[in-house]
$ cat work_5.cif   # mmCIF, C-alpha atoms and all ligand atoms
data_entry
loop_
_atom_site.label_atom_id
_atom_site.label_comp_id
_atom_site.auth_asym_id
_atom_site.auth_seq_id
_atom_site.Cartn_x
_atom_site.Cartn_y
_atom_site.Cartn_z
CA MET A 130 -37.14 34.34 -40.10
CA PHE A 131 -36.92 36.64 -43.08
CA VAL A 132 -37.41 35.01 -46.40
CA GLY A 133 -35.26 36.13 -49.28
CA ALA A 134 -37.94 38.08 -51.09
CA LYS A 135 -38.81 40.21 -48.13
CA CYS A 136 -35.19 40.93 -47.44
CA ILE A 137 -34.55 41.94 -50.98
CA ALA A 138 -37.37 44.39 -50.52
CA LEU A 139 -35.65 45.73 -47.44
CA CYS A 140 -32.41 46.04 -49.30
CA ASP A 141 -34.16 48.13 -51.85
CA GLU A 142 -35.06 50.66 -49.18
CA PHE A 143 -31.38 51.24 -48.59
CA GLY A 144 -31.77 54.36 -46.44
CA TRP A 145 -33.97 52.63 -43.94
CA TYR A 146 -31.74 49.69 -43.90
CA ARG A 147 -28.56 51.69 -43.42
CA GLU A 148 -30.10 53.71 -40.68
CA ASN A 149 -31.18 50.73 -38.73
CA PHE A 150 -28.43 48.25 -39.65
CA PRO A 151 -24.91 49.58 -39.88
CA SER A 152 -23.73 46.63 -41.92
CA ARG A 153 -25.20 45.12 -45.01
CA PRO A 154 -27.43 42.08 -44.80
CA MET A 155 -25.87 38.87 -46.05
CA ILE A 156 -27.43 36.03 -47.90
CA VAL A 157 -26.57 32.74 -46.42
CA ASP A 158 -28.15 29.64 -47.78
CA GLY A 159 -30.76 31.76 -49.41
CA ARG A 160 -31.53 33.52 -46.15
CA PHE A 161 -30.68 37.07 -45.09
CA LEU A 162 -28.71 37.80 -41.96
CA PHE A 163 -28.50 41.11 -40.24
CA LEU A 164 -25.60 41.80 -37.99
CA ASP A 165 -25.60 44.76 -35.74
CA ASN A 166 -22.33 46.06 -34.32
CA ARG A 167 -23.96 48.45 -31.92
CA PRO A 168 -23.61 47.72 -28.22
CA GLN A 169 -26.58 45.72 -27.13
CA THR A 170 -28.19 44.70 -23.90
CA VAL A 171 -26.93 41.15 -24.29
CA ASP A 172 -23.23 41.53 -24.80
CA HIS A 173 -21.40 38.53 -26.15
CA GLY A 174 -18.10 40.30 -26.35
CA GLN A 175 -17.25 41.41 -29.83
CA SER A 176 -20.71 41.70 -31.19
CA SER A 177 -24.34 41.16 -30.53
CA ILE A 178 -27.23 40.08 -32.55
CA VAL A 179 -30.19 42.28 -32.90
CA ASN A 180 -32.39 40.12 -34.90
CA GLY A 181 -32.41 36.74 -33.33
CA GLN A 182 -34.47 35.35 -36.16
CA GLU A 183 -31.60 35.58 -38.64
CA PHE A 184 -29.39 32.54 -39.12
CA GLY A 185 -26.34 33.99 -37.37
CA GLY A 186 -28.56 35.29 -34.65
CA TYR A 187 -30.26 31.96 -34.50
CA MET A 188 -26.88 30.34 -34.03
CA LEU A 189 -25.96 32.76 -31.26
CA ASP A 190 -29.27 32.13 -29.55
CA LYS A 191 -28.76 28.47 -30.01
CA LEU A 192 -25.32 28.72 -28.39
CA ASN A 193 -26.87 30.63 -25.57
CA GLU A 194 -29.45 27.91 -25.08
CA ILE A 195 -26.84 25.20 -25.35
CA GLU A 196 -24.71 26.88 -22.70
CA LYS A 197 -27.61 27.47 -20.37
CA ALA A 198 -28.99 23.94 -20.66
CA ALA A 199 -25.56 22.34 -20.36
CA LEU A 200 -24.59 24.30 -17.27
CA GLU A 201 -27.95 23.61 -15.72
CA SER A 202 -27.73 19.84 -16.23
CA LEU A 203 -24.10 19.88 -15.10
CA SER A 204 -25.01 21.48 -11.81
CA ALA A 205 -27.27 18.53 -10.98
CA ILE A 206 -24.53 15.92 -11.53
CA ALA A 207 -23.04 14.15 -8.52
CA ASP A 208 -21.13 11.11 -9.80
CA GLN A 209 -18.51 10.18 -12.32
CA SER A 210 -20.68 8.10 -14.65
CA ALA A 211 -23.24 10.88 -15.00
CA LEU A 212 -20.36 13.25 -15.62
CA ASP A 213 -18.99 11.02 -18.38
CA ALA A 214 -22.40 10.90 -19.98
CA TRP A 215 -22.64 14.70 -19.73
CA ARG A 216 -19.26 15.09 -21.40
CA VAL A 217 -20.37 13.02 -24.38
CA ALA A 218 -23.72 14.77 -24.60
CA ASN A 219 -22.44 18.32 -24.25
CA VAL A 220 -18.91 18.59 -25.58
CA GLY A 221 -18.71 15.30 -27.46
CA ARG A 222 -18.38 15.03 -31.21
CA SER A 223 -22.09 14.91 -31.92
CA SER A 224 -23.14 17.30 -29.20
CA PRO A 225 -25.30 20.32 -30.20
CA LEU A 226 -22.30 22.56 -29.55
CA MET A 227 -20.11 20.67 -32.00
CA GLN A 228 -22.92 20.76 -34.51
CA VAL A 229 -22.79 24.53 -34.31
CA PHE A 230 -19.11 24.35 -35.23
CA ALA A 231 -20.01 22.01 -38.06
CA GLY A 232 -22.56 24.54 -39.29
CA PHE A 233 -19.97 27.32 -39.74
CA GLY A 234 -19.89 26.66 -43.46
CA LYS A 235 -23.36 28.10 -43.69
CA LEU A 236 -22.27 31.44 -42.23
CA SER A 237 -21.06 34.44 -44.14
CA LYS A 238 -17.55 35.80 -43.85
CA GLU A 239 -18.68 38.55 -41.51
CA GLU A 240 -20.79 36.29 -39.34
CA ARG A 241 -18.23 33.58 -38.98
CA PRO A 242 -15.83 35.33 -36.59
CA VAL A 243 -18.67 36.53 -34.44
CA VAL A 244 -20.45 33.21 -34.14
CA GLY A 245 -17.07 31.49 -34.03
CA ALA A 246 -15.87 33.57 -31.13
CA GLU A 247 -19.10 32.96 -29.29
CA ALA A 248 -18.97 29.23 -29.98
CA ASN A 249 -15.39 29.10 -28.72
CA ARG A 250 -16.35 31.05 -25.64
CA VAL A 251 -19.20 28.64 -24.92
CA LYS A 252 -16.95 25.68 -25.58
CA ALA A 253 -14.30 27.03 -23.20
CA ALA A 254 -16.95 27.85 -20.62
CA LEU A 255 -18.39 24.32 -20.78
CA GLU A 256 -14.96 22.75 -20.63
CA SER A 257 -13.90 24.74 -17.63
CA ALA A 258 -17.22 24.04 -15.91
CA LEU A 259 -16.67 20.36 -16.69
CA GLU A 260 -13.18 20.49 -15.25
CA GLU A 261 -14.43 22.18 -12.13
CA LYS A 262 -17.27 19.70 -11.74
CA SER A 263 -14.94 16.77 -12.36
CA GLN A 264 -12.70 17.94 -9.56
CA ALA A 265 -15.70 18.38 -7.28
CA VAL A 266 -17.01 14.88 -8.09
CA LYS A 267 -13.59 13.40 -7.37
CA ASN A 268 -13.33 15.25 -4.09
CA ALA A 269 -16.81 14.13 -3.11
CA ALA A 270 -15.99 10.50 -3.96
CA LEU A 271 -12.82 10.70 -1.89
CA ALA A 272 -14.63 12.28 1.03
CA LYS A 273 -17.32 9.59 0.76
CA SER A 274 -14.84 6.72 0.75
CA LEU A 275 -12.92 8.25 3.63
CA GLU A 276 -16.16 8.47 5.53
CA GLU A 277 -17.44 5.00 4.64
CA GLU A 278 -14.17 3.11 4.91
CA LYS A 279 -13.12 4.84 8.05
CA LEU A 280 -10.76 2.67 10.10
CA ASP A 281 -12.03 2.32 13.59
CA VAL A 282 -8.86 1.87 15.60
CA THR A 283 -10.86 1.31 18.75
CA LEU A 284 -12.27 -1.98 17.39
CA PRO A 285 -10.40 -5.06 18.61
CA GLY A 286 -8.46 -6.60 15.72
CA ARG A 287 -9.27 -9.95 14.19
CA GLU A 288 -7.25 -12.66 15.82
CA VAL A 289 -4.59 -14.15 13.60
CA HIS A 290 -4.22 -17.87 14.05
CA VAL A 291 -0.58 -18.69 14.32
CA GLY A 292 0.50 -22.28 14.04
CA ARG A 293 2.76 -23.76 16.65
CA LEU A 294 4.68 -26.86 17.49
CA HIS A 295 2.85 -29.94 18.67
CA PRO A 296 3.09 -30.21 22.49
CA SER A 297 5.22 -33.36 22.08
CA ASN A 298 7.69 -31.49 19.91
CA GLN A 299 7.71 -28.58 22.34
CA GLN A 300 8.64 -30.93 25.16
CA LEU A 301 11.10 -32.79 22.95
CA ARG A 302 12.84 -29.48 22.28
CA ARG A 303 12.90 -28.57 25.97
CA VAL A 304 14.59 -31.88 26.74
CA LEU A 305 17.08 -31.52 23.89
CA ALA A 306 17.86 -27.91 24.85
CA ILE A 307 18.75 -28.96 28.39
CA LEU A 308 20.82 -31.89 27.18
CA ALA A 309 22.54 -29.64 24.63
CA GLU A 310 23.59 -27.32 27.43
CA MET A 311 25.13 -30.36 29.09
CA GLY A 312 27.09 -31.24 25.97
CA PHE A 313 24.83 -33.87 24.37
CA GLN A 314 24.65 -33.59 20.59
CA VAL A 315 21.52 -34.65 18.74
CA TYR A 316 21.85 -37.87 16.76
CA THR A 317 18.86 -39.15 14.81
CA SER A 318 18.40 -42.77 13.91
CA ARG A 319 15.91 -44.76 11.80
CA GLU A 320 12.37 -45.63 12.84
CA VAL A 321 12.31 -48.89 10.91
CA GLU A 322 14.79 -51.28 12.44
CA THR A 323 16.00 -54.83 12.33
CA ASP A 324 15.41 -57.19 15.23
CA GLU A 325 19.17 -57.39 15.48
CA MET A 326 19.54 -53.68 16.25
CA ASN A 327 16.35 -53.22 18.19
CA PHE A 328 16.94 -56.26 20.41
CA GLN A 329 19.88 -58.56 19.81
CA MET A 330 22.69 -56.01 19.84
CA LEU A 331 21.13 -54.57 22.98
CA ASN A 332 21.60 -57.88 24.73
CA PHE A 333 18.06 -59.22 24.28
CA ALA A 334 18.55 -62.85 23.34
CA PRO A 335 16.15 -64.09 20.59
CA HIS A 336 13.72 -65.61 23.05
CA HIS A 337 14.50 -63.45 26.04
CA PRO A 338 11.35 -62.72 28.07
CA ALA A 339 12.35 -59.04 28.28
CA ARG A 340 11.13 -58.72 24.69
CA GLU A 341 7.63 -59.07 26.00
CA MET A 342 7.93 -55.63 27.57
CA GLN A 343 8.03 -54.31 24.05
CA ASP A 344 5.41 -55.96 21.85
CA SER A 345 6.35 -55.05 18.33
CA PHE A 346 4.97 -54.12 14.93
CA TYR A 347 6.71 -56.41 12.46
CA VAL A 348 7.03 -55.01 8.98
CA GLU A 349 8.73 -57.93 7.26
CA ALA A 350 9.49 -61.33 8.72
CA GLU A 351 9.33 -63.85 5.91
CA GLY A 352 12.68 -65.39 5.04
CA ARG A 353 14.46 -63.28 7.64
CA GLU A 354 14.47 -65.96 10.37
CA ASP A 355 15.37 -64.31 13.68
CA ASN A 356 16.08 -60.94 12.12
CA PRO A 357 12.69 -59.60 11.09
CA ILE A 358 12.17 -55.94 10.31
CA LEU A 359 10.07 -53.98 12.76
CA MET A 360 9.14 -50.48 13.82
CA ARG A 361 11.63 -49.57 16.54
CA THR A 362 10.13 -50.13 19.97
CA HIS A 363 12.56 -47.73 21.64
CA THR A 364 15.35 -45.33 20.67
CA SER A 365 18.02 -47.60 22.16
CA PRO A 366 19.04 -49.26 18.84
CA GLY A 367 20.36 -45.79 17.93
CA GLN A 368 23.03 -46.42 20.59
CA ILE A 369 24.51 -49.22 18.49
CA ARG A 370 24.31 -47.22 15.27
CA ALA A 371 25.90 -44.16 16.88
CA MET A 372 28.71 -46.18 18.46
CA ARG A 373 29.43 -48.06 15.24
CA GLU A 374 29.48 -44.84 13.26
CA ALA A 375 31.88 -43.19 15.72
CA ALA A 376 34.07 -46.29 16.09
CA ALA A 377 34.38 -46.58 12.31
CA THR A 378 36.19 -43.24 12.21
CA ASN A 379 38.99 -44.68 14.32
CA PRO A 380 38.51 -48.41 15.12
CA GLN A 381 41.65 -48.69 17.25
CA ASN A 382 40.89 -45.59 19.26
CA PRO A 383 37.15 -44.87 19.10
CA PRO A 384 36.32 -41.28 20.15
CA PRO A 385 34.15 -40.50 23.18
CA ILE A 386 30.44 -40.08 22.57
CA ARG A 387 27.86 -37.83 24.17
CA ILE A 388 24.60 -37.89 22.24
CA ALA A 389 20.87 -37.28 22.64
CA LEU A 390 18.77 -39.46 20.41
CA PRO A 391 15.18 -38.29 19.93
CA GLY A 392 12.35 -39.83 17.96
CA MET A 393 9.14 -41.76 17.55
CA CYS A 394 8.82 -45.33 18.81
CA TYR A 395 6.09 -47.87 18.14
CA ARG A 396 4.63 -50.70 20.17
CA TYR A 397 1.84 -53.11 19.55
CA GLU A 398 -0.40 -52.02 22.38
CA GLN A 399 -4.02 -51.83 23.22
CA ILE A 400 -4.68 -48.09 23.07
CA THR A 401 -5.89 -46.89 26.44
CA ALA A 402 -5.65 -43.75 28.54
CA ARG A 403 -2.20 -44.95 29.67
CA SER A 404 -0.74 -46.60 26.57
CA GLU A 405 -0.43 -45.61 22.93
CA ILE A 406 0.99 -47.43 19.93
CA GLN A 407 3.34 -44.52 19.23
CA PHE A 408 5.24 -42.14 21.47
CA ASN A 409 8.48 -40.21 21.53
CA GLN A 410 11.59 -41.09 23.43
CA VAL A 411 14.85 -39.31 24.05
CA GLU A 412 17.78 -41.59 24.57
CA GLY A 413 20.99 -40.35 26.12
CA LEU A 414 24.35 -42.03 25.68
CA ALA A 415 27.76 -41.14 27.04
CA VAL A 416 30.72 -43.42 26.29
CA GLY A 417 34.35 -42.78 27.14
CA GLU A 418 37.19 -43.73 29.41
CA GLY A 419 36.59 -43.56 33.14
CA ILE A 420 32.86 -42.81 33.06
CA THR A 421 31.19 -43.98 36.29
CA PHE A 422 27.77 -44.33 37.85
CA ALA A 423 28.50 -41.04 39.67
CA ASP A 424 28.56 -39.30 36.28
CA LEU A 425 25.20 -40.87 35.49
CA LYS A 426 23.73 -39.73 38.81
CA GLY A 427 25.12 -36.22 38.53
CA THR A 428 23.97 -35.80 34.94
CA LEU A 429 20.42 -36.99 35.57
CA THR A 430 20.03 -35.12 38.85
CA ASP A 431 21.10 -31.95 37.08
CA PHE A 432 18.77 -32.71 34.20
CA ALA A 433 15.80 -33.17 36.57
CA ARG A 434 16.55 -29.85 38.29
CA ARG A 435 16.79 -28.02 34.99
CA MET A 436 13.58 -29.61 33.78
CA PHE A 437 11.45 -29.62 36.91
CA GLY A 438 12.96 -26.80 38.99
CA GLN A 439 16.02 -26.23 41.17
CA ASP A 440 14.35 -27.78 44.20
CA ALA A 441 13.36 -30.98 42.44
CA ARG A 442 14.45 -33.99 44.44
CA VAL A 443 15.30 -37.20 42.60
CA ARG A 444 15.82 -40.77 43.62
CA PHE A 445 17.38 -43.74 41.85
CA ARG A 446 15.64 -47.08 42.16
CA ALA A 447 17.36 -50.31 41.15
CA SER A 448 15.76 -51.81 38.05
CA TYR A 449 16.46 -54.09 35.13
CA PHE A 450 17.17 -53.46 31.46
CA PRO A 451 19.08 -56.00 29.34
CA PHE A 452 21.35 -53.32 27.84
CA THR A 453 22.51 -51.72 31.10
CA GLU A 454 24.19 -53.09 34.18
CA PRO A 455 23.51 -51.90 36.78
CA SER A 456 20.17 -50.40 35.82
CA ALA A 457 17.96 -47.91 37.58
CA GLU A 458 14.79 -45.97 37.27
CA VAL A 459 14.75 -42.31 38.21
CA ASP A 460 11.87 -40.75 40.08
CA VAL A 461 11.35 -37.06 40.69
CA GLU A 462 9.51 -35.88 43.77
CA CYS A 463 5.90 -35.26 42.81
CA PHE A 464 5.70 -31.61 41.81
CA VAL A 465 1.93 -31.65 42.08
CA CYS A 466 1.69 -32.42 45.80
CA GLY A 467 5.31 -31.75 46.79
CA GLY A 468 5.78 -35.36 47.86
CA LYS A 469 2.79 -35.54 50.19
CA GLY A 470 0.93 -37.97 47.97
CA CYS A 471 -1.83 -37.24 45.46
CA GLN A 472 -3.72 -38.74 42.53
CA VAL A 473 -0.97 -37.89 40.04
CA CYS A 474 1.75 -39.74 41.98
CA LYS A 475 -0.77 -42.36 43.12
CA ASN A 476 -0.02 -41.38 46.70
CA SER A 477 3.61 -42.43 46.44
CA GLY A 478 4.99 -38.88 46.44
CA TRP A 479 7.26 -39.82 43.49
CA LEU A 480 6.92 -39.77 39.71
CA GLU A 481 8.96 -42.07 37.51
CA ILE A 482 10.58 -40.10 34.67
CA LEU A 483 13.18 -42.32 33.04
CA GLY A 484 15.18 -45.54 32.92
CA CYS A 485 18.96 -45.59 32.94
CA GLY A 486 22.09 -47.56 33.71
CA MET A 487 25.70 -48.21 32.88
CA VAL A 488 26.04 -49.49 29.33
CA HIS A 489 26.32 -53.29 29.38
CA PRO A 490 29.75 -54.56 28.28
CA ASN A 491 28.13 -56.64 25.54
CA VAL A 492 26.47 -53.52 24.15
CA LEU A 493 29.77 -51.60 24.17
CA GLN A 494 31.36 -54.52 22.37
CA ASN A 495 28.56 -54.62 19.79
CA GLY A 496 29.08 -50.92 19.20
CA GLY A 497 32.80 -51.35 18.55
CA TYR A 498 34.01 -50.08 21.92
CA ASP A 499 36.28 -52.30 23.99
CA PRO A 500 34.49 -52.76 27.35
CA LYS A 501 37.81 -53.28 29.09
CA ARG A 502 38.84 -49.78 28.18
CA TYR A 503 35.56 -47.89 27.81
CA THR A 504 32.55 -47.45 30.03
CA GLY A 505 29.41 -45.42 29.55
CA PHE A 506 25.96 -44.63 30.77
CA ALA A 507 22.65 -44.46 28.98
CA PHE A 508 19.16 -43.28 29.75
CA GLY A 509 15.78 -43.19 28.06
CA MET A 510 12.83 -40.92 28.77
CA GLY A 511 9.42 -40.13 27.31
CA PRO A 512 8.56 -36.48 26.57
CA GLU A 513 4.81 -37.22 26.44
CA ARG A 514 4.96 -38.82 29.85
CA GLN A 515 6.81 -35.81 31.25
CA LEU A 516 4.23 -33.48 29.76
CA MET A 517 1.40 -35.56 31.21
CA LEU A 518 2.96 -35.28 34.65
CA ARG A 519 3.73 -31.60 34.29
CA ASN A 520 0.28 -30.61 33.03
CA LYS A 521 -1.83 -33.27 34.75
CA ILE A 522 -2.98 -34.72 31.44
CA ASN A 523 -4.87 -37.87 32.34
CA ASP A 524 -5.16 -39.47 28.90
CA ILE A 525 -2.25 -40.15 26.53
CA ARG A 526 -4.66 -40.46 23.59
CA TYR A 527 -4.98 -36.67 23.43
CA PHE A 528 -1.52 -36.47 21.86
CA TRP A 529 -2.47 -38.09 18.56
CA GLY A 530 -6.20 -37.36 18.70
CA ASN A 531 -5.69 -34.19 16.65
CA ASP A 532 -8.20 -32.29 18.72
CA VAL A 533 -7.35 -28.59 18.50
CA ARG A 534 -9.09 -27.95 21.82
CA PHE A 535 -6.28 -29.96 23.38
CA LEU A 536 -3.46 -28.79 21.12
CA GLU A 537 -4.36 -25.11 21.43
CA GLN A 538 -3.60 -25.18 25.12
CA PHE A 539 0.14 -25.54 24.52
N1 LIG B 601 14.77 -48.38 26.08
C1 LIG B 601 14.06 -48.37 27.33
C2 LIG B 601 12.56 -48.48 27.11
O1 LIG B 601 12.11 -48.12 26.07
C3 LIG B 601 14.36 -47.14 28.12
C4 LIG B 601 15.78 -47.12 28.60
C5 LIG B 601 16.12 -47.63 29.84
C6 LIG B 601 16.76 -46.59 27.79
C7 LIG B 601 17.38 -47.63 30.27
C8 LIG B 601 18.08 -46.60 28.24
C9 LIG B 601 18.39 -47.13 29.51
O2 LIG B 601 19.09 -46.12 27.51
O3 LIG B 601 19.65 -47.12 29.91
O4 LIG B 601 11.86 -48.86 27.99
#
$ encode --input "work_5.cif" --output "structure tokens" --more "lines below"
Ligand code: DAH
Amino acid sequence: MFVGAKCIALCDEFGWYRENFPSRPMIVDGRFLFLDNRPQTVDHGQSSIVNGQEFGGYMLDKLNEIEKAALESLSAIADQSALDAWRVANVGRSSPLMQVFAGFGKLSKEERPVVGAEANRVKAALESALEEKSQAVKNAALAKSLEEEKLDVTLPGREVHVGRLHPSNQQLRRVLAILAEMGFQVYTSREVETDEMNFQMLNFAPHHPAREMQDSFYVEAEGREDNPILMRTHTSPGQIRAMREAAATNPQNPPPIRIALPGMCYRYEQITARSEIQFNQVEGLAVGEGITFADLKGTLTDFARRMFGQDARVRFRASYFPFTEPSAEVDVECFVCGGKGCQVCKNSGWLEILGCGMVHPNVLQNGGYDPKRYTGFAFGMGPERQLMLRNKINDIRYFWGNDVRFLEQF
């Protein structure tokens, strides 16, 4: 760099100076600058610097260096964070380029536009290179994620576990759907009953031995004498409640009834492969004028065909229930062996599916229906038992065992 004294000496030799430098030297910060307007080998647009050692020239060189270094480091960048760092380092507020702008005050009036134009050009060049690189980095990131997160549609999908109804409820719904088609409306009754409803109103006398068929869970007995509270042992007490409810709407002329009464029943049993302490039942009840045993037979034969297939043969066996008279049990021809005899039907060729009968006059009376005018039939079946027969399930404990390996099969 020229020091002031030497430059002053040059200035003194004006001819030499004018010949070689078309414009006058300027003193900036005590230093001389020589600008040359002649076309030069390195063309920065408006003007070039001949003497790179002068301040303005130094600044132009510096800009040149800044541009070169910045573009070089930019070309090596491949990701967004490096790009952000580059932005701060090269066009940020304290970047070398911005320091050049900050140093403008040190330039002379003549130098300023030249260095300024060059600085602006470099700034624009860096910014457009940055923009271009930024776009390239984004495109590369997109291409990379498309490549890495490629969806392979040939892979089998992950199985979605969908919940479903418990097999008992599935069977319960099958039964109710068939009965609904035959005109039976669903009526639900309570699971906690009184002895009166569960037994007495159904014609079980307090010490009748038939009670022993249905060992009970008593909930509350103290102070209730012969009307303790118990878990219902069958759905039949719902018959009384349904009849009373219907009769109450018109006591002199009770309306006909055709209901299906589903729900859980409880018995005090030793739990074995054949008996559980809880199970579902579906009770059927039809009450009206002129209902006969033929209606009962037709209804249940039709039900069995709808449930077990059009060819299903049924038979009615005389039986006993306190709340029906006459009473019967219905068997369906074994659909496992076709009646030939197998393990499922215990070689009888028949499977028992329900109990039924004509509603006992005392029961009609207890329900508010005059037995001289009204008759009716009733039946009771167990969905779990039907499912066991249908699917050859040999242990009733599977139903409440909560083992998904069993439940998943339905
Ligand atoms: N309640 C009887 C039981 O649980 C089943 C039954 C039999 C219901 C005959 C009825 C019927 O309505 O008429 O064993």
$ closest_atom_pairs --input "work_5.cif" --of "chain A" --to "ligand LIG 601 (chain B)" --cutoff "9 Å" --atoms "all atoms listed in the file" --output "JSON lines"
{"residue": "A:Met342", "atom": "CA", "partner": "B:LIG601", "partner_atom": "O4", "distance": 7.8}
{"residue": "A:Gln343", "atom": "CA", "partner": "B:LIG601", "partner_atom": "O1", "distance": 7.7}
{"residue": "A:Thr362", "atom": "CA", "partner": "B:LIG601", "partner_atom": "O1", "distance": 6.7}
{"residue": "A:His363", "atom": "CA", "partner": "B:LIG601", "partner_atom": "O1", "distance": 4.5}
{"residue": "A:Thr364", "atom": "CA", "partner": "B:LIG601", "partner_atom": "N1", "distance": 6.2}
{"residue": "A:Ser365", "atom": "CA", "partner": "B:LIG601", "partner_atom": "N1", "distance": 5.2}
{"residue": "A:Pro366", "atom": "CA", "partner": "B:LIG601", "partner_atom": "N1", "distance": 8.5}
{"residue": "A:Gln368", "atom": "CA", "partner": "B:LIG601", "partner_atom": "O2", "distance": 8.0}
{"residue": "A:Cys394", "atom": "CA", "partner": "B:LIG601", "partner_atom": "O1", "distance": 8.4}
{"residue": "A:Gln410", "atom": "CA", "partner": "B:LIG601", "partner_atom": "O1", "distance": 7.5}
{"residue": "A:Val411", "atom": "CA", "partner": "B:LIG601", "partner_atom": "C6", "distance": 8.4}
{"residue": "A:Glu412", "atom": "CA", "partner": "B:LIG601", "partner_atom": "O2", "distance": 5.6}
{"residue": "A:Gly413", "atom": "CA", "partner": "B:LIG601", "partner_atom": "O2", "distance": 6.2}
{"residue": "A:Leu414", "atom": "CA", "partner": "B:LIG601", "partner_atom": "O2", "distance": 6.9}
{"residue": "A:Ser448", "atom": "CA", "partner": "B:LIG601", "partner_atom": "C7", "distance": 9.0}
{"residue": "A:Tyr449", "atom": "CA", "partner": "B:LIG601", "partner_atom": "C7", "distance": 8.1}
{"residue": "A:Phe450", "atom": "CA", "partner": "B:LIG601", "partner_atom": "C7", "distance": 6.0}
{"residue": "A:Pro451", "atom": "CA", "partner": "B:LIG601", "partner_atom": "C7", "distance": 8.6}
{"residue": "A:Phe452", "atom": "CA", "partner": "B:LIG601", "partner_atom": "O3", "distance": 6.8}
{"residue": "A:Thr453", "atom": "CA", "partner": "B:LIG601", "partner_atom": "O3", "distance": 5.5}
{"residue": "A:Glu454", "atom": "CA", "partner": "B:LIG601", "partner_atom": "O3", "distance": 8.6}
{"residue": "A:Ser456", "atom": "CA", "partner": "B:LIG601", "partner_atom": "O3", "distance": 6.8}
{"residue": "A:Ala457", "atom": "CA", "partner": "B:LIG601", "partner_atom": "C7", "distance": 7.3}
{"residue": "A:Glu458", "atom": "CA", "partner": "B:LIG601", "partner_atom": "C7", "distance": 7.6}
{"residue": "A:Leu483", "atom": "CA", "partner": "B:LIG601", "partner_atom": "C5", "distance": 6.9}
{"residue": "A:Gly484", "atom": "CA", "partner": "B:LIG601", "partner_atom": "C5", "distance": 3.8}
{"residue": "A:Cys485", "atom": "CA", "partner": "B:LIG601", "partner_atom": "O3", "distance": 3.5}
{"residue": "A:Gly486", "atom": "CA", "partner": "B:LIG601", "partner_atom": "O3", "distance": 4.5}
{"residue": "A:Met487", "atom": "CA", "partner": "B:LIG601", "partner_atom": "O3", "distance": 6.8}
{"residue": "A:Val488", "atom": "CA", "partner": "B:LIG601", "partner_atom": "O3", "distance": 6.8}
{"residue": "A:Phe506", "atom": "CA", "partner": "B:LIG601", "partner_atom": "O3", "distance": 6.8}
{"residue": "A:Ala507", "atom": "CA", "partner": "B:LIG601", "partner_atom": "O3", "distance": 4.1}
{"residue": "A:Phe508", "atom": "CA", "partner": "B:LIG601", "partner_atom": "O2", "distance": 3.6}
{"residue": "A:Gly509", "atom": "CA", "partner": "B:LIG601", "partner_atom": "C6", "distance": 3.5}
{"residue": "A:Met510", "atom": "CA", "partner": "B:LIG601", "partner_atom": "C3", "distance": 6.4}
{"residue": "A:Gly511", "atom": "CA", "partner": "B:LIG601", "partner_atom": "O1", "distance": 8.5}
$ atom_distance --input "work_5.cif" --atom1 "atom CA of Ile388 of chain A" --atom2 "atom CA of Phe313 of chain A"
4.6 Å
$ axis_aligned_box --input "work_5.cif" --around "segment 443-448 of chain A" --padding-each-side "5 Å" --output "lines of an AutoDock Vina configuration file"
center_x = 16.3
center_y = -44.5
center_z = 40.8
size_x = 12.1
size_y = 24.6
size_z = 15.6
$ residues_around --input "work_5.cif" --residues "Leu308 of chain A" --least-positions-apart "3" --cutoff "9 Å" --atoms "only C-alpha atoms" --output "list in words"
Arg303, Val304, Leu305, Met311, Gly312, Phe313, Gln314, Val315, Ile388, Ala389, Gly413 and Phe432 of chain A
$ write_last_selection --input "work_5.cif" --atoms "C-alpha atoms" --output "PDB file, keeping the file's coordinate frame"
ATOM      1  CA  ARG A 303      12.900 -28.570  25.970  1.00  0.00           C
ATOM      2  CA  VAL A 304      14.590 -31.880  26.740  1.00  0.00           C
ATOM      3  CA  LEU A 305      17.080 -31.520  23.890  1.00  0.00           C
ATOM      4  CA  MET A 311      25.130 -30.360  29.090  1.00  0.00           C
ATOM      5  CA  GLY A 312      27.090 -31.240  25.970  1.00  0.00           C
ATOM      6  CA  PHE A 313      24.830 -33.870  24.370  1.00  0.00           C
ATOM      7  CA  GLN A 314      24.650 -33.590  20.590  1.00  0.00           C
ATOM      8  CA  VAL A 315      21.520 -34.650  18.740  1.00  0.00           C
ATOM      9  CA  ILE A 388      24.600 -37.890  22.240  1.00  0.00           C
ATOM     10  CA  ALA A 389      20.870 -37.280  22.640  1.00  0.00           C
ATOM     11  CA  GLY A 413      20.990 -40.350  26.120  1.00  0.00           C
ATOM     12  CA  PHE A 432      18.770 -32.710  34.200  1.00  0.00           C
TER      13      PHE A 432
END
$ closest_residue --input "work_5.cif" --among "A:Glu462, A:Glu349, A:Glu374, A:Asp355" --to "His336 of chain A" --atoms "all atoms listed in the file"
A:Asp355
$ residues_around --input "work_5.cif" --residues "segment 376-386 of chain A" --least-positions-apart "4" --cutoff "8 Å" --atoms "only C-alpha atoms" --output "list in words"
Met372, Leu414, Ala415, Val416, Gly417, Glu418, Gly496, Gly497 and Tyr498 of chain A
$ atom_distance --input "work_5.cif" --atom1 "atom CA of Ala371 of chain A" --atom2 "atom CA of Ser404 of chain A"
28.5 Å
$ residues_near_point --input "work_5.cif" --point "(18.6, -42.6, 13.8)" --cutoff "9 Å" --atoms "only C-alpha atoms" --output "list in words"
Tyr316, Thr317, Ser318, Arg319, Glu320, Thr364, Pro366, Gly367, Gln368, Arg370, Ala371, Leu390, Pro391 and Gly392 of chain A
